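One file, entry-v6.cif, carrying mmCIF, C-alpha atoms and all ligand atoms:
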```
data_work
loop_
_atom_site.label_atom_id
_atom_site.label_comp_id
_atom_site.auth_asym_id
_atom_site.auth_seq_id
_atom_site.Cartn_x
_atom_site.Cartn_y
_atom_site.Cartn_z
CA MET A 1 154.97 115.15 74.40
CA SER A 2 151.76 116.04 72.62
CA GLN A 3 148.60 117.25 74.28
CA GLN A 4 146.17 114.91 76.05
CA GLU A 5 142.64 114.51 74.74
CA ILE A 6 140.27 117.22 75.92
CA GLU A 7 138.10 114.78 77.90
CA VAL A 8 141.19 113.52 79.73
CA ILE A 9 142.29 117.08 80.54
CA LEU A 10 138.82 117.87 81.88
CA SER A 11 138.80 114.61 83.89
CA ARG A 12 142.09 115.55 85.50
CA HIS A 13 140.77 119.02 86.33
CA LEU A 14 137.73 117.41 87.93
CA ALA A 15 139.92 114.95 89.85
CA GLU A 16 142.08 117.80 91.14
CA HIS A 17 138.99 119.44 92.60
CA LEU A 18 137.40 116.34 94.12
CA ALA A 19 138.18 114.99 97.57
CA MET A 20 137.80 111.34 96.51
CA PRO A 21 140.60 109.18 95.12
CA ILE A 22 140.72 109.11 91.30
CA PHE A 23 143.01 107.38 88.83
CA ILE A 24 143.02 108.06 85.05
CA VAL A 25 144.48 105.88 82.29
CA ASP A 26 144.91 106.34 78.53
CA PRO A 27 143.40 103.95 75.92
CA GLN A 28 146.39 101.62 76.33
CA GLY A 29 145.94 101.51 80.10
CA ASN A 30 148.95 103.64 80.91
CA MET A 31 148.33 105.64 84.05
CA LEU A 32 148.17 109.34 83.20
CA TYR A 33 147.18 110.89 86.49
CA TYR A 34 146.05 110.20 90.05
CA ASN A 35 144.96 112.87 92.50
CA GLU A 36 146.06 113.69 96.03
CA PRO A 37 143.42 111.56 97.83
CA ALA A 38 144.58 108.60 95.67
CA GLU A 39 148.18 109.23 96.68
CA GLU A 40 147.32 108.36 100.29
CA ILE A 41 145.87 104.97 99.36
CA LEU A 42 148.46 104.09 96.74
CA GLY A 43 151.29 105.16 99.02
CA MET A 44 153.05 107.19 96.34
CA ARG A 45 153.03 110.73 94.99
CA TYR A 46 152.17 111.75 91.43
CA GLN A 47 154.88 114.40 91.62
CA ASP A 48 157.40 111.60 92.18
CA THR A 49 156.14 108.93 89.80
CA GLY A 50 154.59 110.89 86.92
CA SER A 51 152.73 108.67 84.46
CA MET A 52 153.24 104.91 84.62
CA PRO A 53 152.96 102.09 82.02
CA ALA A 54 150.02 99.67 82.42
CA SER A 55 152.38 96.73 82.96
CA GLU A 56 153.92 98.53 85.92
CA TRP A 57 150.91 99.82 87.88
CA SER A 58 148.71 96.74 87.30
CA THR A 59 151.13 94.58 89.28
CA ALA A 60 152.86 97.17 91.49
CA PHE A 61 150.02 97.19 94.02
CA GLN A 62 149.80 93.37 94.21
CA PRO A 63 145.99 93.26 93.88
CA SER A 64 144.53 90.25 95.64
CA GLU A 65 141.34 88.65 96.99
CA GLN A 66 140.50 88.62 100.70
CA ASP A 67 142.28 85.23 101.04
CA GLY A 68 145.43 86.49 99.35
CA THR A 69 144.78 84.98 95.89
CA PRO A 70 146.38 87.35 93.37
CA ILE A 71 144.07 89.06 90.85
CA ARG A 72 145.32 89.00 87.29
CA PRO A 73 145.74 92.44 85.64
CA GLU A 74 143.02 91.71 83.05
CA GLU A 75 140.52 91.08 85.87
CA LEU A 76 141.01 94.49 87.46
CA PRO A 77 138.01 96.84 86.99
CA LEU A 78 140.08 99.57 85.33
CA MET A 79 141.48 97.09 82.81
CA LEU A 80 137.97 95.72 82.20
CA ALA A 81 136.58 99.23 81.67
CA MET A 82 139.37 99.82 79.21
CA MET A 83 139.20 96.53 77.31
CA LYS A 84 135.44 95.94 77.29
CA ARG A 85 134.44 99.61 77.41
CA HIS A 86 131.81 99.25 80.07
CA PRO A 87 131.74 100.10 83.79
CA ALA A 88 133.24 97.58 86.23
CA HIS A 89 133.29 97.36 90.01
CA ARG A 90 135.16 95.21 92.56
CA ARG A 91 136.25 95.05 96.18
CA PHE A 92 139.82 93.81 96.66
CA TRP A 93 143.08 94.25 98.52
CA ILE A 94 146.15 96.17 97.42
CA ARG A 95 149.56 96.74 98.90
CA GLY A 96 150.52 100.42 98.60
CA LEU A 97 154.05 101.39 97.66
CA ASP A 98 154.34 102.43 101.31
CA ASP A 99 153.96 98.67 101.99
CA ALA A 100 150.60 99.07 103.76
CA GLN A 101 147.89 96.51 102.96
CA ARG A 102 144.49 98.12 102.30
CA GLN A 103 141.09 96.86 101.27
CA ILE A 104 139.56 99.06 98.61
CA GLU A 105 136.37 99.22 96.58
CA LEU A 106 136.77 100.53 93.06
CA THR A 107 134.45 101.60 90.26
CA ALA A 108 135.95 102.12 86.83
CA PHE A 109 134.34 103.44 83.66
CA PRO A 110 135.53 104.15 80.13
CA LEU A 111 135.90 107.72 78.86
CA ILE A 112 134.12 107.88 75.52
CA GLY A 113 134.14 111.28 73.88
CA GLN A 114 132.10 112.86 71.11
CA ALA A 115 132.23 111.08 67.75
CA ASP A 116 132.62 107.79 69.64
CA ARG A 117 136.25 108.42 70.52
CA PHE A 118 137.61 106.12 73.22
CA VAL A 119 140.06 108.28 75.10
CA GLY A 120 140.82 106.27 78.24
CA ALA A 121 139.25 105.19 81.51
CA MET A 122 138.80 106.55 85.00
CA ALA A 123 138.57 104.86 88.40
CA ILE A 124 137.03 106.16 91.60
CA PHE A 125 137.97 104.19 94.67
CA TRP A 126 137.91 104.35 98.43
CA GLU A 127 139.38 102.45 101.33
CA ILE A 128 137.13 100.06 103.27
CA PRO A 129 137.78 100.69 106.95
CA GLU A 130 138.72 97.53 108.84
CA MET B 131 147.38 132.97 52.67
CA LYS B 132 145.43 136.06 53.55
CA ALA B 133 142.97 136.18 56.44
CA THR B 134 140.30 138.87 56.74
CA LEU B 135 138.30 139.50 59.90
CA TRP B 136 134.63 140.15 59.05
CA GLY B 137 133.34 139.84 62.61
CA THR B 138 135.35 139.94 65.83
CA ARG B 139 132.70 140.44 68.51
CA GLY B 140 131.82 137.70 70.94
CA SER B 141 128.44 136.44 72.12
CA LEU B 142 126.17 139.15 70.66
CA ALA B 143 126.38 141.59 67.75
CA SER B 144 127.08 145.00 69.26
CA PRO B 145 126.91 147.80 66.70
CA GLY B 146 127.09 151.41 67.84
CA PRO B 147 129.32 154.44 68.09
CA ASP B 148 131.42 152.83 70.83
CA THR B 149 132.34 149.72 68.82
CA VAL B 150 133.14 151.22 65.41
CA ARG B 151 136.85 150.36 65.38
CA TYR B 152 136.83 146.81 66.77
CA GLY B 153 133.49 146.18 65.12
CA GLY B 154 130.09 144.96 66.21
CA ASN B 155 129.68 141.86 64.03
CA THR B 156 130.15 138.40 65.50
CA SER B 157 132.75 135.79 64.49
CA CYS B 158 133.56 135.36 60.81
CA VAL B 159 136.97 135.13 59.15
CA SER B 160 137.79 134.43 55.51
CA ILE B 161 141.02 132.85 54.32
CA HIS B 162 142.13 133.18 50.73
CA GLY B 163 144.93 130.95 49.53
CA GLU B 164 147.59 131.78 46.96
CA GLU B 165 146.08 129.27 44.52
CA GLY B 166 142.58 130.70 44.87
CA SER B 167 141.13 128.40 47.56
CA LEU B 168 138.65 129.99 49.94
CA LEU B 169 137.83 128.99 53.50
CA ILE B 170 135.39 130.65 55.86
CA LEU B 171 135.79 130.28 59.61
CA ASP B 172 132.45 130.62 61.43
CA ALA B 173 129.22 132.14 60.23
CA GLY B 174 128.54 134.97 62.66
CA THR B 175 126.86 138.19 61.58
CA GLY B 176 130.08 139.30 59.86
CA MET B 177 129.32 136.72 57.21
CA ARG B 178 126.73 138.92 55.50
CA CYS B 179 129.33 141.49 54.38
CA LEU B 180 131.75 138.75 53.35
CA GLY B 181 129.05 137.23 51.10
CA GLN B 182 128.58 140.52 49.32
CA ASP B 183 132.30 140.85 48.76
CA LEU B 184 132.79 137.45 47.09
CA PRO B 185 132.64 137.03 43.30
CA LYS B 186 129.18 136.30 41.92
CA ASP B 187 130.44 133.35 39.90
CA LEU B 188 131.77 131.48 42.95
CA LEU B 189 131.07 127.76 42.58
CA ARG B 190 132.20 126.33 45.88
CA VAL B 191 132.36 127.56 49.48
CA ASP B 192 133.80 125.70 52.48
CA ILE B 193 132.55 126.93 55.86
CA LEU B 194 134.17 125.68 59.06
CA LEU B 195 131.96 126.14 62.11
CA THR B 196 133.66 125.92 65.50
CA GLN B 197 130.32 125.31 67.27
CA LEU B 198 126.63 126.01 66.96
CA HIS B 199 126.21 128.84 69.44
CA MET B 200 124.18 131.65 67.88
CA ASP B 201 127.03 134.14 67.52
CA HIS B 202 128.79 131.65 65.21
CA ILE B 203 125.89 130.73 62.90
CA GLN B 204 123.58 133.71 62.76
CA GLY B 205 124.98 135.06 59.50
CA LEU B 206 124.54 131.81 57.59
CA PRO B 207 121.11 132.48 56.01
CA PHE B 208 122.24 136.01 55.08
CA PHE B 209 125.28 134.74 53.17
CA ALA B 210 124.60 135.63 49.51
CA PRO B 211 126.23 132.55 47.86
CA LEU B 212 123.83 130.28 49.78
CA ARG B 213 120.94 131.96 48.03
CA ARG B 214 122.32 131.27 44.56
CA THR B 215 121.51 128.16 42.56
CA GLY B 216 124.44 125.99 41.64
CA VAL B 217 126.75 126.97 44.49
CA GLU B 218 128.21 123.99 46.31
CA VAL B 219 128.42 124.73 50.04
CA HIS B 220 130.38 122.47 52.37
CA LEU B 221 129.63 122.97 56.04
CA TYR B 222 131.97 121.49 58.65
CA GLY B 223 131.21 121.42 62.37
CA PRO B 224 131.66 119.41 65.56
CA ALA B 225 129.85 116.08 65.91
CA SER B 226 127.44 115.62 68.80
CA THR B 227 126.09 112.52 70.49
CA MET B 228 122.41 112.75 69.65
CA LEU B 229 121.81 114.96 66.64
CA SER B 230 123.54 115.39 63.32
CA LEU B 231 125.11 118.71 62.35
CA ARG B 232 122.30 119.26 59.86
CA SER B 233 119.57 118.64 62.46
CA ARG B 234 121.21 120.95 64.95
CA LEU B 235 121.51 123.73 62.38
CA MET B 236 117.89 123.13 61.40
CA ARG B 237 116.84 124.22 64.88
CA TYR B 238 117.84 127.75 63.96
CA LEU B 239 117.24 127.55 60.21
CA SER B 240 113.54 126.78 60.44
CA PRO B 241 110.38 128.51 61.69
CA PRO B 242 109.68 129.97 64.17
CA LEU B 243 113.29 131.10 64.70
CA PHE B 244 113.85 131.79 61.01
CA PRO B 245 111.30 131.98 58.19
CA VAL B 246 113.28 129.92 55.68
CA SER B 247 114.37 126.34 56.30
CA ILE B 248 117.62 124.71 55.13
CA ARG B 249 115.67 122.72 52.54
CA GLU B 250 114.51 125.89 50.83
CA LEU B 251 117.99 127.35 50.29
CA PRO B 252 118.94 127.07 46.61
CA GLY B 253 122.63 126.39 47.35
CA LYS B 254 123.65 122.71 47.48
CA LEU B 255 124.61 121.90 51.06
CA HIS B 256 126.99 119.17 52.17
CA PHE B 257 127.57 118.48 55.87
CA HIS B 258 130.80 117.17 57.39
CA GLU B 259 131.11 116.26 61.06
CA LEU B 260 134.39 116.74 62.89
CA PRO B 261 136.86 115.95 64.33
CA SER B 262 137.95 113.45 61.72
CA GLY B 263 141.68 113.94 61.49
CA THR B 264 143.05 116.27 58.87
CA VAL B 265 140.93 117.32 55.89
CA GLN B 266 142.34 118.67 52.64
CA ILE B 267 140.28 121.56 51.26
CA GLY B 268 141.79 122.99 48.09
CA GLU B 269 145.31 124.05 48.94
CA PHE B 270 144.55 124.05 52.67
CA SER B 271 145.19 121.26 55.10
CA VAL B 272 142.69 121.66 57.94
CA LYS B 273 142.91 120.02 61.35
CA ALA B 274 140.05 120.23 63.85
CA GLN B 275 140.31 119.40 67.52
CA LEU B 276 137.85 119.60 70.41
CA ILE B 277 138.67 122.36 72.87
CA ILE B 278 137.28 123.51 76.23
CA HIS B 279 134.02 125.43 75.71
CA PRO B 280 130.46 124.46 76.70
CA ASN B 281 128.87 122.05 74.17
CA PRO B 282 131.03 120.33 71.55
CA THR B 283 133.35 122.98 70.13
CA VAL B 284 136.40 122.67 67.93
CA GLY B 285 139.30 124.89 67.03
CA TYR B 286 140.93 124.79 63.59
CA ARG B 287 144.46 124.84 62.33
CA VAL B 288 144.74 125.79 58.66
CA GLU B 289 148.03 125.11 56.92
CA THR B 290 149.55 125.58 53.51
CA GLU B 291 153.04 124.60 52.52
CA HIS B 292 154.27 127.99 53.68
CA ALA B 293 152.08 129.15 56.52
CA SER B 294 149.85 128.15 59.43
CA LEU B 295 146.91 129.87 61.11
CA THR B 296 145.06 128.61 64.18
CA TYR B 297 141.56 129.80 64.96
CA ILE B 298 140.14 129.26 68.48
CA PRO B 299 137.57 132.01 68.96
CA ASP B 300 135.83 130.57 72.05
CA HIS B 301 138.14 128.84 74.47
CA GLU B 302 138.59 128.51 78.21
CA PRO B 303 141.83 126.55 78.60
CA ALA B 304 142.17 127.87 82.16
CA LEU B 305 138.96 126.17 83.30
CA GLY B 306 139.60 124.07 86.39
CA SER B 307 143.33 124.86 86.51
CA PHE B 308 144.76 126.08 89.77
CA SER B 309 147.41 127.89 87.75
CA PHE B 310 147.46 128.84 84.08
CA PRO B 311 149.12 128.12 81.78
CA ARG B 312 150.21 124.71 82.97
CA SER B 313 152.24 122.18 80.98
CA LYS B 314 151.74 121.78 77.22
CA GLU B 315 150.56 118.19 77.70
CA TRP B 316 147.67 119.27 79.92
CA THR B 317 146.53 122.41 78.09
CA SER B 318 143.46 122.40 75.85
CA GLY B 319 144.20 123.60 72.33
CA PHE B 320 147.97 123.27 72.60
CA ASP B 321 148.40 120.79 69.74
CA LEU B 322 146.38 122.98 67.40
CA ALA B 323 148.18 126.21 68.15
CA ALA B 324 151.75 124.95 68.64
CA GLY B 325 154.18 127.03 66.60
CA SER B 326 151.48 128.73 64.49
CA ASP B 327 152.43 131.76 62.44
CA VAL B 328 149.15 133.34 63.46
CA LEU B 329 146.79 132.50 66.33
CA ILE B 330 143.33 134.06 66.43
CA HIS B 331 142.18 133.52 70.00
CA ASP B 332 139.43 134.34 72.47
CA SER B 333 140.38 137.31 74.67
CA GLN B 334 136.95 138.33 75.84
CA TYR B 335 137.46 139.41 79.44
CA THR B 336 139.64 141.42 81.74
CA ALA B 337 141.33 139.37 84.47
CA GLU B 338 138.85 140.85 86.97
CA GLU B 339 135.81 139.96 84.84
CA TYR B 340 137.02 136.37 84.36
CA LYS B 341 136.70 135.72 88.11
CA ASP B 342 132.91 136.09 87.83
CA ARG B 343 132.64 134.22 84.55
CA VAL B 344 134.50 130.97 85.20
CA GLY B 345 132.89 128.20 83.17
CA PHE B 346 131.36 130.53 80.56
CA GLY B 347 133.86 129.14 78.06
CA HIS B 348 136.05 132.19 77.43
CA SER B 349 139.45 133.59 78.26
CA SER B 350 140.75 136.80 79.68
CA LEU B 351 143.23 138.73 77.54
CA GLU B 352 145.89 137.77 80.07
CA GLN B 353 145.09 134.06 79.61
CA ALA B 354 145.10 134.44 75.82
CA LEU B 355 148.61 135.90 76.06
CA GLY B 356 149.70 133.07 78.35
CA PHE B 357 148.30 130.47 75.98
CA ALA B 358 150.01 132.11 72.98
CA ARG B 359 153.31 132.10 74.86
CA LEU B 360 152.97 128.42 75.80
CA ALA B 361 152.13 127.52 72.19
CA GLU B 362 155.08 129.60 70.95
CA VAL B 363 153.11 131.34 68.21
CA LYS B 364 154.58 134.15 66.13
CA GLN B 365 151.56 136.44 66.22
CA LEU B 366 148.41 136.61 68.33
CA ILE B 367 145.25 138.30 67.07
CA THR B 368 142.86 139.11 69.91
CA PHE B 369 139.28 138.09 69.17
CA HIS B 370 135.73 137.54 70.46
CA HIS B 371 135.58 140.88 72.24
CA ASP B 372 132.99 141.22 74.96
CA PRO B 373 129.78 142.93 73.76
CA GLY B 374 130.00 145.27 76.74
CA HIS B 375 133.51 146.50 75.91
CA SER B 376 133.86 149.78 74.02
CA ASP B 377 136.73 150.47 71.62
CA ASP B 378 138.40 152.63 74.25
CA MET B 379 138.09 149.94 76.88
CA ILE B 380 139.65 147.28 74.61
CA ASP B 381 142.48 149.72 73.82
CA ARG B 382 143.07 150.15 77.55
CA MET B 383 142.95 146.40 78.20
CA MET B 384 145.49 145.80 75.43
CA ALA B 385 147.84 148.54 76.62
CA GLU B 386 147.72 147.47 80.26
CA THR B 387 148.01 143.72 79.72
CA ILE B 388 150.72 143.92 77.08
CA GLY B 389 152.60 146.46 79.19
CA GLU B 390 152.48 144.09 82.14
CA LEU B 391 153.22 140.77 80.40
CA ARG B 392 155.57 142.03 77.68
CA PRO B 393 155.00 139.15 75.24
CA GLY B 394 157.92 138.10 73.09
CA TYR B 395 155.70 137.78 70.01
CA GLN B 396 153.54 140.19 68.05
CA VAL B 397 150.07 140.97 69.44
CA THR B 398 147.59 142.54 67.02
CA PRO B 399 144.20 143.87 68.10
CA GLY B 400 141.53 141.94 66.23
CA MET B 401 139.52 144.65 64.50
CA GLU B 402 136.73 144.12 61.99
CA GLY B 403 138.15 144.58 58.49
CA LEU B 404 141.70 143.69 59.49
CA GLU B 405 143.62 141.81 56.78
CA ILE B 406 146.52 139.62 57.79
CA VAL B 407 149.00 138.13 55.38
CA VAL B 408 150.13 134.88 56.97
CA GLU B 409 153.56 133.73 55.97
CA ASP B 410 156.33 131.63 57.38
ZN ZN C 1 131.19 132.81 70.58
#
```
If you convert what's in this file into structure tokens, what do you get?
Amino acid sequence: MSQQEIEVILSRHLAEHLAMPIFIVDPQGNMLYYNEPAEEILGMRYQDTGSMPASEWSTAFQPSEQDGTPIRPEELPLMLAMMKRHPAHRRFWIRGLDDAQRQIELTAFPLIGQADRFVGAMAIFWEIPE
Amino acid sequence: MKATLWGTRGSLASPGPDTVRYGGNTSCVSIHGEEGSLLILDAGTGMRCLGQDLPKDLLRVDILLTQLHMDHIQGLPFFAPLRRTGVEVHLYGPASTMLSLRSRLMRYLSPPLFPVSIRELPGKLHFHELPSGTVQIGEFSVKAQLIIHPNPTVGYRVETEHASLTYIPDHEPALGSFSFPRSKEWTSGFDLAAGSDVLIHDSQYTAEEYKDRVGFGHSSLEQALGFARLAEVKQLITFHHDPGHSDDMIDRMMAETIGELRPGYQVTPGMEGLEIVVED
């Protein structure tokens, strides 16, 4: 496998040092990395899953509205940040791979490097206590 | 191809009796191809001597800047071919968000920092912003890639049909890593250096010094050796020596670190004046 873009490497380093949940995707939306605080909310471990195709993670957590209405992958903030290349924010529910239902709030933004290179997107999210 | 080191010092020119062997001039390397192509990597103070050594009838010069920190551009206005009419000079350097390469260079090449401005140089200047994939310059295929160092900075991989040389004079691939080196996929500079015949790489600090200089954008000699091993290069040339390190101290660093890590590839101390024939 070839090397990740420098901005993505630096984002991962930052995520590894931060105590808030972070999720990083490549320009195609494939999940490249999520940090330890994110593991708790997503109910899975990066060591176990490694990277994950967009089609897999965007449905794996069964994102839904408060009333249970499913949210389509293209409406998720991370997908919006990736496709439209602007920041996006939303509060919604997910079901972790540990089967726990959690309400989260998520802000996603595109990673645009020097020379206008679009290198992926990053999401910061946190659980809303019930 | 043949590479010559005209300046190997990092950060600040450091002439004096203690730096005679490794040299006091800052980053500048020339590469001569078998078919006569010439490339210059960085324009540190070593560039002045290189300019005097080049033929007077030179018509074209290609200069690849890794960044615009002073130790990599200070020799530019003292480079003789730039002061001759009719010489075509191509300058390559990293793109930045707000200012063009020319405007950023102008900050140094204009009063009050320098008496002569770019406009007044008789040489014909052409600016090329990178990274923009692979560029063909004469017989050389040149690839630039952003690497970890404060402010936009690139490393270069120069290839001919028979040989490859990677030049990353200022590089902190260990920044933010809990352990180094980590996997190839997550290491800055890996794609550039992978399998190179020769790697010229930042080795500014001792392991002890690095602890107090995290984020400065440089590597310890130990990290340079680790990076070279990960990239599976055939030869590492140490480079960008700390201005505070004497020849004897660099000798000691080399002996101790190589003795401890026992690299499975050749490690050559980067000394000013060193000529390296790069071949497959
Ligand atoms: Zn430097």
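Residue nearest chain B within the list A:Phe23, A:Trp93, A:Phe125, A:Tyr33: A:Tyr33 [criterion: smallest interatomic distance, only C-alpha atoms].
Taking atom CA of Cys158 of chain B as the reference point, atom CA of Thr387 of chain B is found at 25.2 Å.
Atom pair atom CA of Ala324 of chain B / atom CA of Gln275 of chain B has a distance of 12.8 Å (rounded to one decimal).
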Find, counting all atoms listed in the file, the residue in A:Ala115, A:Leu97, A:Leu42, A:Ala121 that gets nearest to chain B.
->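 Using all atoms listed in the file, the shortest distance to chain B belongs to A:Ala115.
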Kindly provide the residues of chain A that approach chain B to within 12 Å, each paired with its closest atom pair and their distance in Å to one decimal, based on all atoms listed in the file, listed by chain and increasing number, as CSV.
```
residue,atom,partner,partner_atom,distance
A:Met1,CA,B:Glu315,CA,6.3
A:Ser2,CA,B:Glu315,CA,5.6
A:Gln3,CA,B:Glu315,CA,4.1
A:Gln4,CA,B:Glu315,CA,5.7
A:Glu5,CA,B:Ser318,CA,8.0
A:Ile6,CA,B:Ser318,CA,6.1
A:Glu7,CA,B:Leu276,CA,8.9
A:Val8,CA,B:Trp316,CA,8.7
A:Ile9,CA,B:Trp316,CA,5.8
A:Leu10,CA,B:Gly306,CA,7.7
A:Ser11,CA,B:Gly306,CA,9.8
A:Arg12,CA,B:Trp316,CA,8.7
A:His13,CA,B:Gly306,CA,5.2
A:Leu14,CA,B:Gly306,CA,7.1
A:Ala15,CA,B:Gly306,CA,9.8
A:Glu16,CA,B:Gly306,CA,8.2
A:His17,CA,B:Gly306,CA,7.8
A:Leu18,CA,B:Gly306,CA,11.2
A:Leu32,CA,B:Trp316,CA,10.5
A:Tyr33,CA,B:Trp316,CA,10.7
A:Ser51,CA,B:Glu315,CA,11.9
A:Ile112,CA,B:Thr227,CA,10.6
A:Gly113,CA,B:Thr227,CA,8.8
A:Gln114,CA,B:Ser226,CA,5.9
A:Ala115,CA,B:Ala225,CA,5.8
A:Asp116,CA,B:Thr227,CA,8.1
A:Arg117,CA,B:Pro261,CA,9.8
```
Hey, which residues come within 7 Å of ligand ZN 1 (chain C) if we count only C-alpha atoms and all ligand atoms? Could you give them as an NGL selection string?
-> :B and (140-141 or 157 or 199 or 201-202 or 299-300 or 370)
As JSON, what would the box around segment 86-104 of chain A look like: edges along x, y and z, 4 Å added on every side, centre and edge lengths in Å to one decimal?
```
{"center_x": 143.0, "center_y": 98.1, "center_z": 91.9, "size_x": 30.6, "size_y": 16.6, "size_z": 31.7}
```
Rank nothing, just name the residue among A:Ser55, A:Gln101, A:Asn30, A:Thr107 nearest to Ala81 of chain A, using all atoms listed in the file.
->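 The shortest atom-to-atom distance to Ala81 of chain A comes from A:Thr107.
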Name all residues at most 7 Å from Pro27 of chain A (count only C-alpha atoms; drop same-chain ones fewer than 2 positions away) and give them as an mmCIF file with C-alpha atoms, in the frame of the given file.
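around-v9.cif was written with the following content:
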```cif
data_model
loop_
_atom_site.group_PDB
_atom_site.id
_atom_site.type_symbol
_atom_site.label_atom_id
_atom_site.label_comp_id
_atom_site.auth_asym_id
_atom_site.auth_seq_id
_atom_site.Cartn_x
_atom_site.Cartn_y
_atom_site.Cartn_z
ATOM 1 C CA VAL A 25 144.480 105.880 82.290
ATOM 2 C CA GLY A 29 145.940 101.510 80.100
ATOM 3 C CA MET A 82 139.370 99.820 79.210
ATOM 4 C CA PHE A 118 137.610 106.120 73.220
ATOM 5 C CA VAL A 119 140.060 108.280 75.100
ATOM 6 C CA GLY A 120 140.820 106.270 78.240
#
```
Excluding segment 238-242 of chain B and residues on its chain fewer than 4 positions from it, collect all residues at most 10 Å away from it, counting all atoms listed in the file, and give them as a VMD selection string.
-> chain B and resid 198 200 203 to 204 206 to 207 232 to 234 246 to 251
List the neighbours of Thr69 of chain A out to 12 Å using all atoms listed in the file; skip same-chain residues closer than 3 positions along the sequence, and give me the result as a PyMOL selection string.
-> chain A and resi 62-66+72+92-94
